[in-house]
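S.K.: For reference, this is input-v4.pdb, and it has PDB, N, CA and C atoms.
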ATOM      1  N   MET A   1     -49.711  23.715   0.877
ATOM      2  CA  MET A   1     -49.978  24.220   2.205
ATOM      3  C   MET A   1     -50.254  25.727   2.122
ATOM      4  N   ARG A   2     -51.045  26.190   3.080
ATOM      5  CA  ARG A   2     -51.366  27.616   3.136
ATOM      6  C   ARG A   2     -50.607  28.254   4.300
ATOM      7  N   PHE A   3     -49.990  29.399   4.019
ATOM      8  CA  PHE A   3     -49.194  30.111   5.011
ATOM      9  C   PHE A   3     -49.720  31.527   5.196
ATOM     10  N   LEU A   4     -49.597  32.030   6.412
ATOM     11  CA  LEU A   4     -49.874  33.432   6.703
ATOM     12  C   LEU A   4     -48.539  34.148   6.789
ATOM     13  N   VAL A   5     -48.447  35.262   6.098
ATOM     14  CA  VAL A   5     -47.181  35.987   5.990
ATOM     15  C   VAL A   5     -47.356  37.408   6.526
ATOM     16  N   GLN A   6     -46.366  37.847   7.267
ATOM     17  CA  GLN A   6     -46.311  39.237   7.715
ATOM     18  C   GLN A   6     -44.920  39.759   7.404
ATOM     19  N   VAL A   7     -44.864  40.883   6.704
ATOM     20  CA  VAL A   7     -43.598  41.523   6.364
ATOM     21  C   VAL A   7     -43.598  42.908   7.013
ATOM     22  N   ASP A   8     -42.650  43.146   7.908
ATOM     23  CA  ASP A   8     -42.472  44.449   8.535
ATOM     24  C   ASP A   8     -41.319  45.158   7.832
ATOM     25  N   VAL A   9     -41.625  46.304   7.256
ATOM     26  CA  VAL A   9     -40.647  47.057   6.479
ATOM     27  C   VAL A   9     -40.288  48.333   7.236
ATOM     28  N   SER A  10     -39.000  48.612   7.350
ATOM     29  CA  SER A  10     -38.558  49.838   8.004
ATOM     30  C   SER A  10     -37.379  50.426   7.237
ATOM     31  N   LEU A  11     -37.175  51.717   7.449
ATOM     32  CA  LEU A  11     -36.041  52.380   6.809
ATOM     33  C   LEU A  11     -34.743  51.938   7.468
ATOM     34  N   ARG A  12     -33.707  51.820   6.687
ATOM     35  CA  ARG A  12     -32.387  51.482   7.234
ATOM     36  C   ARG A  12     -31.907  52.609   8.144
ATOM     37  N   GLU A  13     -31.067  52.249   9.110
ATOM     38  CA  GLU A  13     -30.449  53.252   9.973
ATOM     39  C   GLU A  13     -29.691  54.243   9.102
ATOM     40  N   GLY A  14     -29.782  55.506   9.443
ATOM     41  CA  GLY A  14     -29.083  56.537   8.687
ATOM     42  C   GLY A  14     -29.895  57.131   7.552
ATOM     43  N   VAL A  15     -31.021  56.504   7.193
ATOM     44  CA  VAL A  15     -31.884  57.042   6.147
ATOM     45  C   VAL A  15     -32.866  58.002   6.808
ATOM     46  N   ALA A  16     -32.971  59.208   6.257
ATOM     47  CA  ALA A  16     -33.872  60.207   6.823
ATOM     48  C   ALA A  16     -35.308  59.691   6.829
ATOM     49  N   ASP A  17     -36.028  59.983   7.916
ATOM     50  CA  ASP A  17     -37.418  59.570   8.067
ATOM     51  C   ASP A  17     -38.253  60.820   8.356
ATOM     52  N   PRO A  18     -38.616  61.580   7.327
ATOM     53  CA  PRO A  18     -39.341  62.827   7.559
ATOM     54  C   PRO A  18     -40.700  62.615   8.229
ATOM     55  N   GLN A  19     -41.362  61.529   7.931
ATOM     56  CA  GLN A  19     -42.653  61.265   8.564
ATOM     57  C   GLN A  19     -42.473  61.011  10.070
ATOM     58  N   GLY A  20     -41.474  60.233  10.422
ATOM     59  CA  GLY A  20     -41.172  59.991  11.828
ATOM     60  C   GLY A  20     -40.776  61.271  12.540
ATOM     61  N   ALA A  21     -39.985  62.123  11.882
ATOM     62  CA  ALA A  21     -39.560  63.392  12.477
ATOM     63  C   ALA A  21     -40.756  64.308  12.716
ATOM     64  N   THR A  22     -41.700  64.338  11.783
ATOM     65  CA  THR A  22     -42.895  65.164  11.942
ATOM     66  C   THR A  22     -43.724  64.689  13.125
ATOM     67  N   ILE A  23     -43.892  63.396  13.251
ATOM     68  CA  ILE A  23     -44.632  62.844  14.385
ATOM     69  C   ILE A  23     -43.935  63.198  15.690
ATOM     70  N   GLU A  24     -42.628  63.000  15.722
ATOM     71  CA  GLU A  24     -41.859  63.284  16.942
ATOM     72  C   GLU A  24     -41.972  64.752  17.357
ATOM     73  N   ARG A  25     -41.915  65.674  16.400
ATOM     74  CA  ARG A  25     -42.040  67.100  16.707
ATOM     75  C   ARG A  25     -43.446  67.453  17.198
ATOM     76  N   SER A  26     -44.454  66.732  16.743
ATOM     77  CA  SER A  26     -45.843  67.030  17.094
ATOM     78  C   SER A  26     -46.242  66.508  18.468
ATOM     79  N   LEU A  27     -45.617  65.468  18.944
ATOM     80  CA  LEU A  27     -46.038  64.819  20.187
ATOM     81  C   LEU A  27     -46.016  65.738  21.414
ATOM     82  N   PRO A  28     -44.969  66.549  21.624
ATOM     83  CA  PRO A  28     -44.985  67.438  22.799
ATOM     84  C   PRO A  28     -46.169  68.417  22.798
ATOM     85  N   HIS A  29     -46.587  68.854  21.618
ATOM     86  CA  HIS A  29     -47.724  69.769  21.515
ATOM     87  C   HIS A  29     -49.034  69.082  21.921
ATOM     88  N   LEU A  30     -49.038  67.769  21.883
ATOM     89  CA  LEU A  30     -50.221  66.991  22.279
ATOM     90  C   LEU A  30     -50.110  66.471  23.702
ATOM     91  N   GLY A  31     -49.039  66.873  24.396
ATOM     92  CA  GLY A  31     -48.872  66.469  25.787
ATOM     93  C   GLY A  31     -48.083  65.187  25.992
ATOM     94  N   PHE A  32     -47.442  64.705  24.945
ATOM     95  CA  PHE A  32     -46.641  63.474  25.049
ATOM     96  C   PHE A  32     -45.161  63.842  25.044
ATOM     97  N   ASP A  33     -44.637  64.124  26.227
ATOM     98  CA  ASP A  33     -43.227  64.496  26.352
ATOM     99  C   ASP A  33     -42.373  63.245  26.544
ATOM    100  N   GLY A  34     -41.121  63.341  26.201
ATOM    101  CA  GLY A  34     -40.190  62.252  26.443
ATOM    102  C   GLY A  34     -40.154  61.182  25.371
ATOM    103  N   VAL A  35     -40.882  61.378  24.276
ATOM    104  CA  VAL A  35     -40.845  60.402  23.189
ATOM    105  C   VAL A  35     -39.754  60.817  22.208
ATOM    106  N   SER A  36     -38.890  59.865  21.844
ATOM    107  CA  SER A  36     -37.826  60.184  20.894
ATOM    108  C   SER A  36     -37.546  58.973  20.003
ATOM    109  N   GLY A  37     -36.826  59.221  18.947
ATOM    110  CA  GLY A  37     -36.434  58.141  18.044
ATOM    111  C   GLY A  37     -37.583  57.563  17.246
ATOM    112  N   VAL A  38     -38.576  58.380  16.899
ATOM    113  CA  VAL A  38     -39.753  57.886  16.168
ATOM    114  C   VAL A  38     -39.354  57.527  14.744
ATOM    115  N   ARG A  39     -39.682  56.321  14.335
ATOM    116  CA  ARG A  39     -39.443  55.846  12.972
ATOM    117  C   ARG A  39     -40.754  55.262  12.453
ATOM    118  N   VAL A  40     -41.060  55.491  11.209
ATOM    119  CA  VAL A  40     -42.294  55.004  10.606
ATOM    120  C   VAL A  40     -41.949  53.919   9.598
ATOM    121  N   GLY A  41     -42.732  52.861   9.603
ATOM    122  CA  GLY A  41     -42.549  51.774   8.656
ATOM    123  C   GLY A  41     -43.895  51.338   8.125
ATOM    124  N   LYS A  42     -43.915  50.147   7.553
ATOM    125  CA  LYS A  42     -45.178  49.606   7.054
ATOM    126  C   LYS A  42     -45.213  48.114   7.313
ATOM    127  N   GLN A  43     -46.421  47.585   7.371
ATOM    128  CA  GLN A  43     -46.614  46.155   7.582
ATOM    129  C   GLN A  43     -47.477  45.632   6.447
ATOM    130  N   ILE A  44     -47.042  44.539   5.855
ATOM    131  CA  ILE A  44     -47.768  43.924   4.743
ATOM    132  C   ILE A  44     -48.130  42.503   5.169
ATOM    133  N   ARG A  45     -49.413  42.160   5.067
ATOM    134  CA  ARG A  45     -49.868  40.812   5.428
ATOM    135  C   ARG A  45     -50.565  40.175   4.236
ATOM    136  N   PHE A  46     -50.328  38.885   4.048
ATOM    137  CA  PHE A  46     -51.015  38.156   2.974
ATOM    138  C   PHE A  46     -50.944  36.666   3.237
ATOM    139  N   GLU A  47     -51.713  35.908   2.459
ATOM    140  CA  GLU A  47     -51.689  34.448   2.508
ATOM    141  C   GLU A  47     -50.948  33.946   1.279
ATOM    142  N   LEU A  48     -50.300  32.809   1.437
ATOM    143  CA  LEU A  48     -49.478  32.256   0.360
ATOM    144  C   LEU A  48     -49.637  30.747   0.321
ATOM    145  N   GLU A  49     -49.862  30.217  -0.848
ATOM    146  CA  GLU A  49     -49.853  28.768  -1.064
ATOM    147  C   GLU A  49     -48.449  28.376  -1.486
ATOM    148  N   SER A  50     -47.879  27.389  -0.789
ATOM    149  CA  SER A  50     -46.532  26.935  -1.123
ATOM    150  C   SER A  50     -46.358  25.493  -0.679
ATOM    151  N   GLU A  51     -45.306  24.863  -1.165
ATOM    152  CA  GLU A  51     -45.032  23.451  -0.919
ATOM    153  C   GLU A  51     -44.749  23.157   0.557
ATOM    154  N   ASP A  52     -43.891  23.985   1.174
ATOM    155  CA  ASP A  52     -43.544  23.794   2.583
ATOM    156  C   ASP A  52     -43.024  25.120   3.140
ATOM    157  N   LEU A  53     -42.689  25.130   4.427
ATOM    158  CA  LEU A  53     -42.256  26.355   5.089
ATOM    159  C   LEU A  53     -40.979  26.921   4.475
ATOM    160  N   THR A  54     -40.044  26.068   4.135
ATOM    161  CA  THR A  54     -38.790  26.528   3.536
ATOM    162  C   THR A  54     -39.036  27.212   2.199
ATOM    163  N   ALA A  55     -39.860  26.601   1.367
ATOM    164  CA  ALA A  55     -40.174  27.184   0.055
ATOM    165  C   ALA A  55     -40.954  28.485   0.214
ATOM    166  N   ALA A  56     -41.876  28.526   1.158
ATOM    167  CA  ALA A  56     -42.670  29.736   1.389
ATOM    168  C   ALA A  56     -41.770  30.882   1.836
ATOM    169  N   THR A  57     -40.884  30.613   2.765
ATOM    170  CA  THR A  57     -39.980  31.642   3.264
ATOM    171  C   THR A  57     -39.069  32.155   2.158
ATOM    172  N   ALA A  58     -38.551  31.271   1.335
ATOM    173  CA  ALA A  58     -37.692  31.678   0.221
ATOM    174  C   ALA A  58     -38.469  32.534  -0.774
ATOM    175  N   GLU A  59     -39.717  32.158  -1.046
ATOM    176  CA  GLU A  59     -40.530  32.926  -1.981
ATOM    177  C   GLU A  59     -40.826  34.334  -1.441
ATOM    178  N   VAL A  60     -41.139  34.424  -0.151
ATOM    179  CA  VAL A  60     -41.420  35.730   0.451
ATOM    180  C   VAL A  60     -40.163  36.594   0.457
ATOM    181  N   ASN A  61     -39.025  36.018   0.775
ATOM    182  CA  ASN A  61     -37.771  36.788   0.758
ATOM    183  C   ASN A  61     -37.473  37.316  -0.641
ATOM    184  N   ASP A  62     -37.726  36.508  -1.665
ATOM    185  CA  ASP A  62     -37.536  36.940  -3.048
ATOM    186  C   ASP A  62     -38.524  38.052  -3.399
ATOM    187  N   LEU A  63     -39.765  37.885  -2.957
ATOM    188  CA  LEU A  63     -40.792  38.897  -3.195
ATOM    189  C   LEU A  63     -40.401  40.240  -2.566
ATOM    190  N   CYS A  64     -39.842  40.187  -1.363
ATOM    191  CA  CYS A  64     -39.387  41.408  -0.692
ATOM    192  C   CYS A  64     -38.260  42.067  -1.477
ATOM    193  N   ALA A  65     -37.302  41.287  -1.885
ATOM    194  CA  ALA A  65     -36.135  41.829  -2.586
ATOM    195  C   ALA A  65     -36.503  42.409  -3.950
ATOM    196  N   ARG A  66     -37.500  41.815  -4.607
ATOM    197  CA  ARG A  66     -37.820  42.226  -5.970
ATOM    198  C   ARG A  66     -38.973  43.211  -6.086
ATOM    199  N   PHE A  67     -39.842  43.285  -5.028
ATOM    200  CA  PHE A  67     -41.031  44.108  -5.209
ATOM    201  C   PHE A  67     -41.499  44.871  -3.963
ATOM    202  N   LEU A  68     -41.554  44.216  -2.817
ATOM    203  CA  LEU A  68     -42.174  44.824  -1.643
ATOM    204  C   LEU A  68     -41.319  45.872  -0.950
ATOM    205  N   THR A  69     -40.016  45.798  -1.101
ATOM    206  CA  THR A  69     -39.135  46.755  -0.437
ATOM    207  C   THR A  69     -38.130  47.328  -1.422
ATOM    208  N   ASN A  70     -37.577  48.450  -1.021
ATOM    209  CA  ASN A  70     -36.454  49.028  -1.748
ATOM    210  C   ASN A  70     -35.214  48.683  -0.928
ATOM    211  N   PRO A  71     -34.472  47.636  -1.308
ATOM    212  CA  PRO A  71     -33.366  47.164  -0.472
ATOM    213  C   PRO A  71     -32.238  48.190  -0.278
ATOM    214  N   VAL A  72     -32.226  49.250  -1.045
ATOM    215  CA  VAL A  72     -31.210  50.280  -0.868
ATOM    216  C   VAL A  72     -31.477  51.077   0.404
ATOM    217  N   ILE A  73     -32.762  51.347   0.705
ATOM    218  CA  ILE A  73     -33.088  52.196   1.855
ATOM    219  C   ILE A  73     -33.942  51.505   2.915
ATOM    220  N   GLU A  74     -34.428  50.292   2.626
ATOM    221  CA  GLU A  74     -35.331  49.620   3.562
ATOM    222  C   GLU A  74     -34.822  48.234   3.937
ATOM    223  N   THR A  75     -35.234  47.801   5.126
ATOM    224  CA  THR A  75     -35.006  46.424   5.549
ATOM    225  C   THR A  75     -36.370  45.789   5.805
ATOM    226  N   SER A  76     -36.397  44.466   5.809
ATOM    227  CA  SER A  76     -37.665  43.788   6.079
ATOM    228  C   SER A  76     -37.428  42.640   7.051
ATOM    229  N   GLU A  77     -38.447  42.411   7.860
ATOM    230  CA  GLU A  77     -38.456  41.278   8.769
ATOM    231  C   GLU A  77     -39.664  40.431   8.381
ATOM    232  N   VAL A  78     -39.420  39.172   8.054
ATOM    233  CA  VAL A  78     -40.457  38.292   7.526
ATOM    234  C   VAL A  78     -40.863  37.268   8.573
ATOM    235  N   THR A  79     -42.179  37.099   8.729
ATOM    236  CA  THR A  79     -42.727  36.050   9.571
ATOM    237  C   THR A  79     -43.659  35.201   8.710
ATOM    238  N   VAL A  80     -43.409  33.901   8.670
ATOM    239  CA  VAL A  80     -44.233  32.973   7.901
ATOM    240  C   VAL A  80     -44.671  31.857   8.837
ATOM    241  N   VAL A  81     -45.985  31.634   8.935
ATOM    242  CA  VAL A  81     -46.507  30.557   9.777
ATOM    243  C   VAL A  81     -47.535  29.757   9.002
ATOM    244  N   VAL A  82     -47.620  28.480   9.335
ATOM    245  CA  VAL A  82     -48.623  27.619   8.706
ATOM    246  C   VAL A  82     -49.994  28.097   9.153
ATOM    247  N   ALA A  83     -50.895  28.296   8.211
ATOM    248  CA  ALA A  83     -52.211  28.849   8.520
ATOM    249  C   ALA A  83     -52.978  27.963   9.499
ATOM    250  N   ASP A  84     -52.872  26.660   9.382
ATOM    251  CA  ASP A  84     -53.601  25.746  10.257
ATOM    252  C   ASP A  84     -53.134  25.853  11.706
ATOM    253  N   GLU A  85     -51.873  26.181  11.934
ATOM    254  CA  GLU A  85     -51.343  26.305  13.290
ATOM    255  C   GLU A  85     -51.912  27.525  14.003
ATOM    256  N   VAL A  86     -52.258  28.560  13.261
ATOM    257  CA  VAL A  86     -52.817  29.774  13.835
ATOM    258  C   VAL A  86     -54.227  29.525  14.324
ATOM    259  N   ALA A  87     -54.964  28.676  13.620
ATOM    260  CA  ALA A  87     -56.366  28.413  13.935
ATOM    261  C   ALA A  87     -56.526  27.601  15.229
ATOM    262  N   ARG A  88     -55.484  26.941  15.684
ATOM    263  CA  ARG A  88     -55.578  26.087  16.875
ATOM    264  C   ARG A  88     -55.669  26.860  18.147
TER
END
As structure tokens - that is how I would like this structure written.

M.R.:
Amino acid sequence: MRFLVQVDVSLREGVADPQGATIERSLPHLGFDGVSGVRVGKQIRFELESEDLTAATAEVNDLCARFLTNPVIETSEVTVVVADEVAR
């Protein structure tokens, strides 16, 4: 089966986010007041061939733990859907 995968990666709470802080400091100068708590992350999307949804999800979780994220400072949220269901 073919699956569509989306992994949203963000820094753990308490980990400094200098990129988010820079954006937050810049916004008032651009006329965007009242914005706070800016955090920057990344999104990774790919397709995966796997036996079933359970196996696909387990494989993606392993991939995140071993390669896509740094589990010491980052967390990930994984979404896996059957590719055929998206096309409907």

S.K.: Please report the interatomic distance between atom N of Leu63 of chain A and atom CA of Arg12 of chain A in Å with one decimal.

M.R.: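 Calculated distance between atom N of Leu63 of chain A and atom CA of Arg12 of chain A is 18.5 Å.
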
S.K.: If you measure from atom CA of Ala58 of chain A to atom CA of Lys42 of chain A, what distance in Å do you get, rounded to one decimal?

M.R.: 20.6 Å

S.K.: So what does the PyMOL selection byres ((chain A and resi 4) around 5) actually pick up in this one, as number ranges by chain?

M.R.: A: 2-3, 5-6, 46-47, 80-83

S.K.: Since I can't run it myself right now, could you work out what the PyMOL selection byres ((chain A and resi 78) around 6) selects here and report it as a PyMOL selection string?

M.R.: chain A and resi 6-8+76-77+79-80

S.K.: Going by DSSP on the backbone, which residues of chain A come out as helix (DSSP H, G or I)? List them as a ChimeraX atom specification.

M.R.: /A:18-30,53-68,83-87

S.K.: Show me the residues around (-43.8, 59.5, 10.4) - criterion: an atom at most 8 Å away, only N, CA and C atoms counted - as number ranges by chain.

M.R.: A: 17-24, 38-41

S.K.: Hey, can you check how far atom N of Val9 of chain A sits from atom N of Ala56 of chain A?

M.R.: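 Computing it gives 18.8 Å between the two atoms.
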
S.K.: Please extract the residues of chain A with a backbone DSSP assignment of strand (DSSP E or B) and present them as a list of chain:residue names.

M.R.: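 In chain A, DSSP puts these residues in strand (DSSP E or B): A:Arg2, A:Phe3, A:Leu4, A:Val5, A:Gln6, A:Val7, A:Asp8, A:Val9, A:Ser10, A:Leu11, A:Lys42, A:Gln43, A:Ile44, A:Arg45, A:Phe46, A:Glu47, A:Leu48, A:Glu49, A:Glu74, A:Thr75, A:Ser76, A:Glu77, A:Val78, A:Thr79, A:Val80, A:Val81, A:Val82.
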
S.K.: Could the centre and edge lengths of an axis-aligned box, enclosing all atoms of segment 15-18 of chain A in the file with 3 Å extra on each side, be given in Å to one decimal as JSON?

M.R.:
{"center_x": -35.9, "center_y": 59.7, "center_z": 7.3, "size_x": 15.7, "size_y": 12.3, "size_z": 8.2}

S.K.: Would you please work out which residue, of A:Arg66, A:Glu13, A:Leu27, A:Met1, is nearest to Leu53 of chain A when using only N, CA and C atoms?

M.R.: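 Of the candidates, the smallest distance to Leu53 of chain A is held by A:Met1.
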